[in-house]
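Visitor: Structure: run_30.cif, mmCIF, C-alpha atoms and all ligand atoms.
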data_my_file
#
loop_
_atom_site.label_atom_id
_atom_site.label_comp_id
_atom_site.auth_asym_id
_atom_site.auth_seq_id
_atom_site.Cartn_x
_atom_site.Cartn_y
_atom_site.Cartn_z
CA MET A 695 -48.61 -152.55 52.63
CA ARG A 696 -49.89 -155.92 53.81
CA LYS A 697 -52.49 -157.48 51.63
CA ILE A 698 -55.88 -158.38 53.12
CA PRO A 699 -56.97 -161.83 51.87
CA VAL A 700 -59.79 -161.47 49.34
CA PHE A 701 -62.14 -163.88 51.13
CA LEU A 702 -61.89 -161.76 54.30
CA LEU A 703 -62.81 -158.66 52.35
CA ILE A 704 -65.83 -160.40 50.82
CA MET A 705 -66.92 -161.74 54.21
CA GLY A 706 -66.55 -158.27 55.68
CA CYS A 707 -68.78 -156.79 52.97
CA VAL A 708 -71.45 -159.47 53.45
CA VAL A 709 -71.55 -158.81 57.21
CA ALA A 710 -71.74 -155.08 56.65
CA LEU A 711 -74.52 -155.51 54.11
CA LEU A 712 -76.54 -157.76 56.41
CA ALA A 713 -76.16 -155.32 59.28
CA GLY A 714 -77.17 -152.52 56.95
CA CYS A 715 -80.31 -154.38 55.91
CA ALA A 716 -81.32 -155.03 59.49
CA ARG A 717 -82.09 -151.39 60.08
CA ALA A 718 -83.54 -148.49 58.17
CA PRO A 719 -81.00 -146.84 55.86
CA GLY A 720 -79.09 -144.06 57.53
CA LYS A 721 -80.48 -144.82 60.99
CA PRO A 722 -78.17 -145.52 63.92
CA GLU A 723 -78.40 -148.82 65.74
CA LEU A 724 -80.73 -149.28 68.71
CA ALA A 725 -79.00 -149.69 72.06
CA LYS A 726 -79.47 -152.97 73.93
CA GLU A 727 -80.85 -151.18 76.95
CA LEU A 728 -82.89 -148.05 77.54
CA HIS A 729 -82.65 -146.35 80.92
CA VAL A 730 -85.78 -144.47 81.98
CA TYR A 731 -85.88 -142.25 85.09
CA ASN A 732 -89.57 -141.85 85.92
CA TRP A 733 -92.04 -141.00 88.68
CA SER A 734 -93.16 -144.11 90.53
CA GLU A 735 -96.18 -146.06 89.21
CA TYR A 736 -96.41 -143.81 86.20
CA ILE A 737 -96.60 -146.36 83.39
CA ASP A 738 -98.14 -149.78 82.88
CA PRO A 739 -95.17 -152.21 83.12
CA GLN A 740 -96.76 -154.06 80.18
CA ILE A 741 -95.84 -151.12 77.94
CA TYR A 742 -92.16 -151.61 78.74
CA ALA A 743 -92.58 -155.34 78.07
CA ASP A 744 -94.28 -154.72 74.70
CA PHE A 745 -91.56 -152.28 73.65
CA GLU A 746 -88.90 -154.83 74.63
CA GLU A 747 -90.64 -157.47 72.59
CA GLU A 748 -91.06 -155.35 69.46
CA PHE A 749 -87.70 -153.57 69.45
CA GLY A 750 -85.43 -155.96 71.33
CA VAL A 751 -84.42 -153.19 73.73
CA ARG A 752 -84.49 -153.95 77.46
CA VAL A 753 -86.05 -151.13 79.47
CA VAL A 754 -84.55 -150.41 82.88
CA GLU A 755 -86.52 -148.02 85.10
CA ASP A 756 -85.44 -146.01 88.13
CA THR A 757 -87.90 -143.78 89.95
CA PHE A 758 -87.74 -140.37 91.63
CA ALA A 759 -90.23 -138.64 93.94
CA SER A 760 -89.83 -134.96 93.05
CA ASN A 761 -88.54 -132.68 90.33
CA GLU A 762 -85.88 -131.40 92.69
CA GLU A 763 -84.63 -134.95 93.29
CA LEU A 764 -84.44 -135.51 89.53
CA LEU A 765 -82.54 -132.25 89.00
CA ALA A 766 -80.12 -132.95 91.86
CA LYS A 767 -79.37 -136.37 90.39
CA LEU A 768 -78.52 -134.92 86.97
CA GLN A 769 -76.52 -132.07 88.48
CA ALA A 770 -74.55 -134.60 90.51
CA GLY A 771 -73.41 -136.07 87.21
CA ALA A 772 -75.76 -139.01 86.58
CA THR A 773 -75.15 -139.78 82.92
CA GLY A 774 -76.87 -143.13 82.51
CA TYR A 775 -80.42 -141.99 81.70
CA ASP A 776 -81.89 -141.95 78.20
CA VAL A 777 -85.35 -140.64 79.08
CA ILE A 778 -86.43 -138.50 82.04
CA VAL A 779 -89.88 -137.14 82.97
CA PRO A 780 -89.67 -133.63 84.49
CA SER A 781 -92.69 -131.38 85.04
CA ASP A 782 -93.26 -128.10 83.18
CA TYR A 783 -91.27 -125.64 85.37
CA MET A 784 -88.42 -128.13 85.73
CA VAL A 785 -88.17 -128.48 81.94
CA GLU A 786 -87.58 -124.73 81.79
CA ILE A 787 -84.88 -124.93 84.47
CA MET A 788 -83.19 -127.87 82.74
CA ILE A 789 -83.21 -126.16 79.33
CA GLU A 790 -81.66 -123.08 80.90
CA GLN A 791 -78.97 -125.20 82.53
CA GLY A 792 -78.21 -126.87 79.21
CA LEU A 793 -79.14 -130.33 80.49
CA LEU A 794 -81.55 -131.38 77.71
CA ALA A 795 -80.95 -132.55 74.14
CA GLU A 796 -83.03 -131.22 71.26
CA LEU A 797 -85.35 -133.82 69.75
CA ASN A 798 -84.62 -135.08 66.26
CA ARG A 799 -88.16 -134.91 64.86
CA ASP A 800 -87.30 -137.35 62.06
CA ASN A 801 -87.26 -140.06 64.72
CA VAL A 802 -90.46 -138.89 66.43
CA PRO A 803 -93.05 -138.62 63.63
CA ASN A 804 -95.91 -139.49 66.03
CA ILE A 805 -95.38 -136.14 67.76
CA THR A 806 -98.17 -134.89 65.47
CA ASN A 807 -100.58 -136.86 67.70
CA ILE A 808 -100.11 -134.28 70.46
CA ASP A 809 -103.17 -132.10 70.95
CA PRO A 810 -102.46 -128.59 69.56
CA LYS A 811 -103.35 -127.24 73.03
CA PHE A 812 -100.22 -128.94 74.39
CA ALA A 813 -97.96 -128.60 71.35
CA SER A 814 -96.28 -125.35 72.30
CA PRO A 815 -96.06 -125.10 76.07
CA PRO A 816 -94.53 -121.88 77.44
CA TYR A 817 -91.75 -123.85 79.17
CA ASP A 818 -90.63 -125.45 75.88
CA PRO A 819 -92.13 -123.54 72.95
CA GLY A 820 -92.65 -125.74 69.91
CA MET A 821 -91.68 -128.93 71.81
CA VAL A 822 -88.07 -128.45 70.81
CA HIS A 823 -86.76 -130.56 73.71
CA CYS A 824 -89.60 -132.58 75.18
CA VAL A 825 -92.96 -134.19 74.46
CA PRO A 826 -95.82 -133.86 76.99
CA TYR A 827 -96.49 -137.23 78.65
CA GLN A 828 -99.42 -136.88 81.08
CA TRP A 829 -101.11 -134.00 82.86
CA GLY A 830 -103.12 -133.67 86.02
CA THR A 831 -103.87 -131.62 89.08
CA THR A 832 -102.80 -131.49 92.72
CA GLY A 833 -105.47 -131.62 95.40
CA ILE A 834 -106.78 -133.84 98.16
CA GLY A 835 -107.22 -137.60 98.14
CA TYR A 836 -109.65 -138.91 100.75
CA ASN A 837 -111.57 -141.80 102.20
CA THR A 838 -115.23 -141.48 101.14
CA GLU A 839 -116.35 -143.47 104.18
CA VAL A 840 -115.01 -140.72 106.42
CA PHE A 841 -116.12 -137.79 104.25
CA GLU A 842 -119.65 -137.82 102.95
CA GLU A 843 -119.02 -134.46 101.29
CA PRO A 844 -115.76 -134.14 99.35
CA PRO A 845 -113.11 -132.25 101.40
CA ASP A 846 -112.75 -129.69 98.64
CA SER A 847 -110.85 -126.96 100.45
CA TRP A 848 -107.27 -126.44 101.60
CA ALA A 849 -108.86 -125.58 104.95
CA TYR A 850 -109.07 -129.32 105.67
CA LEU A 851 -105.29 -129.34 105.79
CA PHE A 852 -104.49 -125.86 107.11
CA ASP A 853 -107.33 -124.33 109.15
CA PRO A 854 -106.30 -125.15 112.73
CA GLU A 855 -109.88 -125.96 113.73
CA VAL A 856 -110.43 -128.42 110.92
CA ALA A 857 -106.91 -129.82 110.45
CA SER A 858 -106.49 -130.51 114.18
CA GLU A 859 -109.55 -132.73 113.97
CA TYR A 860 -107.60 -134.98 111.60
CA ALA A 861 -104.37 -134.79 113.60
CA GLY A 862 -102.01 -137.58 112.61
CA GLN A 863 -104.37 -138.68 109.86
CA PHE A 864 -103.16 -136.83 106.81
CA THR A 865 -100.04 -136.63 104.66
CA MET A 866 -98.52 -133.74 102.71
CA LEU A 867 -96.48 -134.13 99.53
CA ASN A 868 -92.74 -134.30 100.16
CA ASP A 869 -92.25 -131.60 97.59
CA SER A 870 -91.07 -128.02 98.11
CA ARG A 871 -93.08 -126.31 95.36
CA GLU A 872 -96.24 -128.38 95.90
CA SER A 873 -96.44 -128.08 99.69
CA MET A 874 -95.39 -124.43 99.75
CA GLY A 875 -97.86 -123.99 96.88
CA ALA A 876 -100.77 -125.51 98.82
CA ALA A 877 -100.05 -123.23 101.79
CA LEU A 878 -99.82 -120.19 99.50
CA LYS A 879 -103.14 -121.08 97.85
CA TYR A 880 -104.83 -121.43 101.25
CA LEU A 881 -103.52 -117.97 102.13
CA GLY A 882 -104.94 -116.61 98.86
CA TYR A 883 -101.58 -115.99 97.20
CA SER A 884 -100.11 -117.17 93.91
CA LEU A 885 -98.11 -120.36 94.18
CA ASN A 886 -95.44 -118.57 92.16
CA THR A 887 -95.07 -115.61 94.46
CA THR A 888 -91.58 -114.24 94.97
CA ASP A 889 -92.66 -111.99 97.83
CA GLU A 890 -90.59 -112.98 100.84
CA ALA A 891 -93.27 -111.93 103.35
CA GLN A 892 -95.85 -114.19 101.67
CA LEU A 893 -93.39 -117.06 101.51
CA THR A 894 -92.61 -116.60 105.19
CA GLN A 895 -96.32 -116.79 106.03
CA ALA A 896 -96.62 -120.00 104.01
CA ARG A 897 -93.61 -121.47 105.80
CA ASP A 898 -95.06 -120.56 109.21
CA LEU A 899 -98.39 -122.12 108.24
CA LEU A 900 -96.63 -125.36 107.27
CA ILE A 901 -94.68 -125.34 110.53
CA GLN A 902 -97.90 -124.80 112.51
CA GLN A 903 -99.49 -127.67 110.56
CA LYS A 904 -96.57 -130.03 111.09
CA LYS A 905 -97.82 -131.40 114.42
CA TRP A 906 -100.90 -132.82 112.65
CA VAL A 907 -99.05 -134.28 109.65
CA TYR A 908 -98.65 -138.06 109.60
CA ALA A 909 -95.83 -137.87 107.03
CA TYR A 910 -94.44 -135.91 104.09
CA ASP A 911 -94.81 -138.48 101.37
CA SER A 912 -95.29 -138.45 97.59
CA GLU A 913 -95.08 -142.12 96.74
CA GLN A 914 -97.13 -144.06 99.32
CA ASN A 915 -99.77 -141.49 100.21
CA GLU A 916 -102.53 -143.44 98.45
CA ASP A 917 -101.42 -146.70 100.12
CA LEU A 918 -101.54 -145.03 103.53
CA LEU A 919 -105.13 -143.96 102.81
CA SER A 920 -106.04 -147.44 101.75
CA ALA A 921 -104.39 -148.94 104.84
CA ASP A 922 -106.52 -146.60 107.03
CA GLU A 923 -103.38 -144.97 108.41
CA THR A 924 -104.72 -141.68 107.07
CA VAL A 925 -108.05 -140.27 105.88
CA LEU A 926 -106.77 -137.33 103.79
CA ALA A 927 -103.75 -136.88 101.55
CA HIS A 928 -102.33 -133.91 99.68
CA GLY A 929 -101.42 -135.44 96.34
CA TRP A 930 -101.65 -135.95 92.61
CA SER A 931 -105.06 -136.76 91.09
CA GLY A 932 -104.31 -139.97 89.21
CA ASP A 933 -102.53 -141.63 92.12
CA PHE A 934 -105.83 -141.74 94.06
CA PHE A 935 -108.01 -142.72 91.11
CA MET A 936 -105.61 -145.52 90.24
CA ALA A 937 -105.66 -146.73 93.86
CA ALA A 938 -109.49 -146.55 93.78
CA VAL A 939 -109.49 -149.34 91.20
CA GLU A 940 -108.40 -151.63 94.07
CA ASP A 941 -110.05 -149.77 96.95
CA GLU A 942 -113.25 -148.06 95.94
CA ARG A 943 -113.46 -146.05 99.17
CA LEU A 944 -110.77 -143.72 97.82
CA TRP A 945 -111.47 -140.59 95.80
CA TYR A 946 -110.01 -137.18 95.00
CA ALA A 947 -111.15 -133.55 95.12
CA ILE A 948 -109.76 -130.34 93.64
CA PRO A 949 -109.87 -127.61 96.33
CA LYS A 950 -112.30 -124.82 95.54
CA GLU A 951 -109.57 -122.22 96.11
CA GLY A 952 -107.72 -123.82 93.19
CA GLY A 953 -104.64 -126.01 93.12
CA THR A 954 -101.82 -126.91 90.80
CA ILE A 955 -102.23 -127.96 87.19
CA TRP A 956 -99.13 -129.61 85.79
CA ALA A 957 -97.81 -131.54 82.82
CA ASP A 958 -94.97 -134.04 82.92
CA ASN A 959 -92.76 -134.44 79.87
CA LEU A 960 -90.60 -137.02 78.12
CA CYS A 961 -87.16 -135.48 77.70
CA ILE A 962 -83.69 -136.69 76.78
CA PRO A 963 -80.68 -135.58 78.81
CA LYS A 964 -77.73 -134.33 76.74
CA THR A 965 -75.69 -137.10 78.32
CA ALA A 966 -78.09 -139.88 77.22
CA PRO A 967 -76.23 -143.07 76.24
CA SER A 968 -78.48 -143.41 73.18
CA GLN A 969 -80.52 -140.42 72.05
CA TYR A 970 -81.75 -142.43 69.06
CA THR A 971 -83.13 -145.27 71.20
CA ALA A 972 -84.76 -142.68 73.46
CA GLU A 973 -86.47 -141.10 70.44
CA VAL A 974 -87.69 -144.46 69.15
CA PHE A 975 -89.14 -145.14 72.62
CA ILE A 976 -90.82 -141.71 72.84
CA ASN A 977 -92.27 -142.24 69.37
CA TYR A 978 -93.63 -145.60 70.54
CA LEU A 979 -95.32 -144.00 73.57
CA LEU A 980 -96.95 -141.52 71.18
CA ARG A 981 -98.83 -144.22 69.26
CA PRO A 982 -102.58 -143.72 69.84
CA GLU A 983 -103.14 -147.14 71.44
CA VAL A 984 -100.05 -146.88 73.62
CA GLY A 985 -100.92 -143.32 74.66
CA ALA A 986 -104.34 -144.59 75.72
CA ALA A 987 -102.89 -147.59 77.55
CA ILE A 988 -100.79 -145.17 79.63
CA SER A 989 -103.84 -143.16 80.77
CA ASN A 990 -106.01 -146.25 81.24
CA TYR A 991 -103.41 -147.41 83.76
CA THR A 992 -102.37 -144.14 85.45
CA TRP A 993 -105.76 -142.38 85.45
CA TYR A 994 -104.04 -139.18 84.40
CA ALA A 995 -105.19 -137.10 81.44
CA SER A 996 -103.43 -137.53 78.11
CA PRO A 997 -102.08 -134.74 75.92
CA ASN A 998 -102.23 -137.21 72.99
CA ALA A 999 -105.31 -136.26 70.93
CA ALA A 1000 -105.12 -139.41 68.80
CA ALA A 1001 -105.25 -141.54 71.96
CA SER A 1002 -108.64 -140.20 73.11
CA GLU A 1003 -110.76 -142.70 71.21
CA PHE A 1004 -109.03 -145.56 73.07
CA ILE A 1005 -109.19 -144.03 76.57
CA ASP A 1006 -111.83 -145.50 78.90
CA ALA A 1007 -115.01 -143.40 79.08
CA GLU A 1008 -114.95 -143.32 82.90
CA ILE A 1009 -111.60 -141.51 82.70
CA LEU A 1010 -112.58 -139.12 79.90
CA GLU A 1011 -115.85 -138.26 81.63
CA GLU A 1012 -114.44 -137.73 85.14
CA PRO A 1013 -114.50 -133.98 85.88
CA ALA A 1014 -111.70 -134.30 88.44
CA ILE A 1015 -109.46 -135.71 85.66
CA TYR A 1016 -110.58 -133.51 82.76
CA PRO A 1017 -111.87 -130.51 84.75
CA PRO A 1018 -114.56 -128.23 83.29
CA PRO A 1019 -113.51 -124.69 82.23
CA GLU A 1020 -114.66 -123.00 85.46
CA VAL A 1021 -112.42 -125.31 87.53
CA MET A 1022 -109.55 -125.03 85.04
CA ALA A 1023 -109.70 -121.26 85.39
CA LYS A 1024 -108.79 -121.52 89.09
CA LEU A 1025 -105.80 -123.83 88.62
CA GLU A 1026 -102.29 -122.46 88.48
CA TRP A 1027 -99.15 -123.81 86.80
CA ILE A 1028 -95.97 -123.95 88.84
CA GLU A 1029 -93.48 -121.68 87.10
CA ASP A 1030 -89.75 -121.34 87.33
CA VAL A 1031 -89.39 -118.58 89.93
CA GLY A 1032 -85.78 -117.95 88.93
CA GLU A 1033 -83.84 -116.18 91.67
CA ALA A 1034 -86.55 -116.96 94.23
CA THR A 1035 -85.93 -120.73 93.87
CA PRO A 1036 -83.37 -120.84 96.73
CA LEU A 1037 -85.88 -118.98 98.90
CA TYR A 1038 -88.49 -121.69 98.34
CA GLU A 1039 -85.87 -124.35 99.06
CA ARG A 1040 -84.74 -122.62 102.25
CA MET A 1041 -88.29 -122.19 103.55
CA TRP A 1042 -89.08 -125.83 102.81
CA THR A 1043 -85.88 -126.99 104.52
CA GLU A 1044 -86.94 -124.96 107.57
CA VAL A 1045 -90.33 -126.69 107.58
CA LYS A 1046 -88.71 -130.10 107.39
CA ALA A 1047 -86.22 -129.23 110.13
CA ALA A 1048 -88.78 -127.70 112.50
CA GLY A 1049 -89.86 -129.62 115.58
CA PRO A 1050 -93.31 -131.25 115.33
C1 LIG B 1 -97.28 -140.54 89.44
C2 LIG B 1 -96.84 -139.22 89.90
C3 LIG B 1 -97.35 -138.09 89.09
C4 LIG B 1 -96.35 -137.04 88.90
N1 LIG B 1 -97.28 -141.52 90.46
C5 LIG B 1 -96.75 -135.67 89.31
N2 LIG B 1 -96.08 -134.72 88.57
#
What is this structure when it is put down as structure tokens?

Guide:
Amino acid sequence: MRKIPVFLLIMGCVVALLAGCARAPGKPELAKELHVYNWSEYIDPQIYADFEEEFGVRVVEDTFASNEELLAKLQAGATGYDVIVPSDYMVEIMIEQGLLAELNRDNVPNITNIDPKFASPPYDPGMVHCVPYQWGTTGIGYNTEVFEEPPDSWAYLFDPEVASEYAGQFTMLNDSRESMGAALKYLGYSLNTTDEAQLTQARDLLIQQKKWVYAYDSEQNEDLLSADETVLAHGWSGDFFMAAVEDERLWYAIPKEGGTIWADNLCIPKTAPSQYTAEVFINYLLRPEVGAAISNYTWYASPNAAASEFIDAEILEEPAIYPPPEVMAKLEWIEDVGEATPLYERMWTEVKAAGP
């Protein structure tokens, strides 16, 4: 056996000791980069910068525009993401497909900051895989100079007499479950129906509506409102409130027939390059001040109870962000519809393919 020079052995031990001291005992090393796949404009970029500064981990963000886009990307074999942000029903689908890692709670002690109301969601009982990030509703963004009274009904988008008045001046979300869901709600059905006749009616309603739709868009709908391209937009609550910081003519209404309530979640794909770094990041986002900074930027509601005291009063007190019980009672969660999922996808594809 060849002998290793003693000085090399000593040097090796010193290096190992130093490296050992640089991190908590028994903890893996942080990766140099963290890859986050998120909805667009869904976090204050300063939070990424602060995390980089404190932990020395560079955050790289990609964005997606729908849960189905996120799922398709993972199914197509994307393996580079450490943290993803699916909504409720998509978490359930991803767990079932074996795409998500289980959280190591030892690395996420701040998970106790989550409000008990959100700590055991039906799509991920006990938060085994994911931590709720933000929640909100789906309704109608609008220009208050055009509407003195809030357009608080799906009729503004679907009733031929009303919608035709705003022909070419409104957008619908580019999202199968949300746009089919809005049509189903207008028709008085559940947005989780699996009844083919009801789904067909919703599809036909969307096709009839198509000639008045400016665009199917989930990422620029608030900008189009602000640019006076449109006056109404089917969309997510916070996107309009956040845009109203710059353009105070914009506001948002929850339709009286009820709309979607949803929660997006921080999850780690099984293929994550560094599950540990992802957990350290999620734990960071769960700090009370950081949790509040997220909502103060996005204008979405926070599931982090400890963050509340740092969230701006105008957000906490806005009934279209934290709706009162009677409004909550009318909202519906999108659920995994199992075998009916391809039916929703087919109907939506038919809407998109239909002539104007
Ligand atoms: C943020 C989009 C919110 C995500 N721009 C809706 N689930």

Visitor: Write as a list in words the residues around ligand LIG 1 (chain B), taking 6 Å as the cut-off and counting all atoms listed in the file.

Guide: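 My answer, listing the contacting residues, is Trp733, Ser734, Glu735, Tyr736, Ser781, Trp930, Asp933 and Asp958 of chain A.
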
Visitor: Taking (-82.6, -142.8, 75.2) in the file's coordinates, which residues come within 7 Å, counting all atoms listed in the file, written as a ChimeraX atom specification?

Guide: /A:728-729,775-777,962,966-973

Visitor: To one decimal place in Å, what is the distance between CA of Gln903 in chain A and CA of Thr887 in chain A?

Guide: 20.6 Å

Visitor: At what distance in Å, to one decimal, does CA of Pro982 in chain A lie from CA of Ile805 in chain A?

Guide: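 Between CA of Ile805 in chain A and CA of Pro982 in chain A the gap works out to 10.7 Å.
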
Visitor: May I ask for the distance between CA of Thr806 in chain A and CA of Ile737 in chain A, given in Å to one decimal place?

Guide: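 Atom-to-atom, CA of Thr806 in chain A to CA of Ile737 in chain A, that is 21.3 Å.
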
Visitor: Identify, on the basis of all atoms listed in the file, every residue whose closest approach to range 1031-1042 of chain A does not exceed 6 Å; exclude the query and any residue fewer than 6 positions from it along the same chain; express the result as a count of residues only.

Guide: 3

Visitor: Given the choices A:Tyr817, A:Tyr910, A:Phe841, A:Phe975, which gets closest to Asn804 in chain A if the distance is worked out from only C-alpha atoms?

Guide: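 Closest to Asn804 in chain A of all the choices is A:Phe975.
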
Visitor: Report as a PDB file with C-alpha atoms, in the coordinates of the input all protein, DNA and RNA residues lying within 10 Å of Ala938 in chain A, evaluated on all atoms listed in the file, omitting residues in the same chain fewer than 5 positions from it.

Guide:
ATOM      1  CA  ASN A 837    -111.570-141.800 102.200  1.00  0.00           C
ATOM      2  CA  GLU A 916    -102.530-143.440  98.450  1.00  0.00           C
ATOM      3  CA  SER A 920    -106.040-147.440 101.750  1.00  0.00           C
ATOM      4  CA  GLY A 932    -104.310-139.970  89.210  1.00  0.00           C
ATOM      5  CA  ASP A 933    -102.530-141.630  92.120  1.00  0.00           C
ATOM      6  CA  ARG A 943    -113.460-146.050  99.170  1.00  0.00           C
ATOM      7  CA  LEU A 944    -110.770-143.720  97.820  1.00  0.00           C
ATOM      8  CA  TRP A 945    -111.470-140.590  95.800  1.00  0.00           C
ATOM      9  CA  TYR A 946    -110.010-137.180  95.000  1.00  0.00           C
TER      10      TYR A 946
END

Visitor: Identify which of the residues A:Leu926, A:Val974, A:Leu960, A:Ala909 lies closest to Arg799 in chain A, counting all atoms listed in the file when measuring atom-to-atom distances.

Guide: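 Counting all atoms listed in the file, the residue closest to Arg799 in chain A is A:Val974.
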
Visitor: Determine, counting all atoms listed in the file, which protein, DNA and RNA residues have an atom within 7 Å of an atom of Asn732 in chain A; residues of the same chain fewer than 3 positions away are not included. Present the result as number ranges by chain.

Guide: A: 755-758, 778-779

Visitor: List the neighbours of Lys726 in chain A out to 9 Å using all atoms listed in the file; skip same-chain residues closer than 5 positions along the sequence, and give me the result as a PyMOL selection string.

Guide: chain A and resi 750-753+971
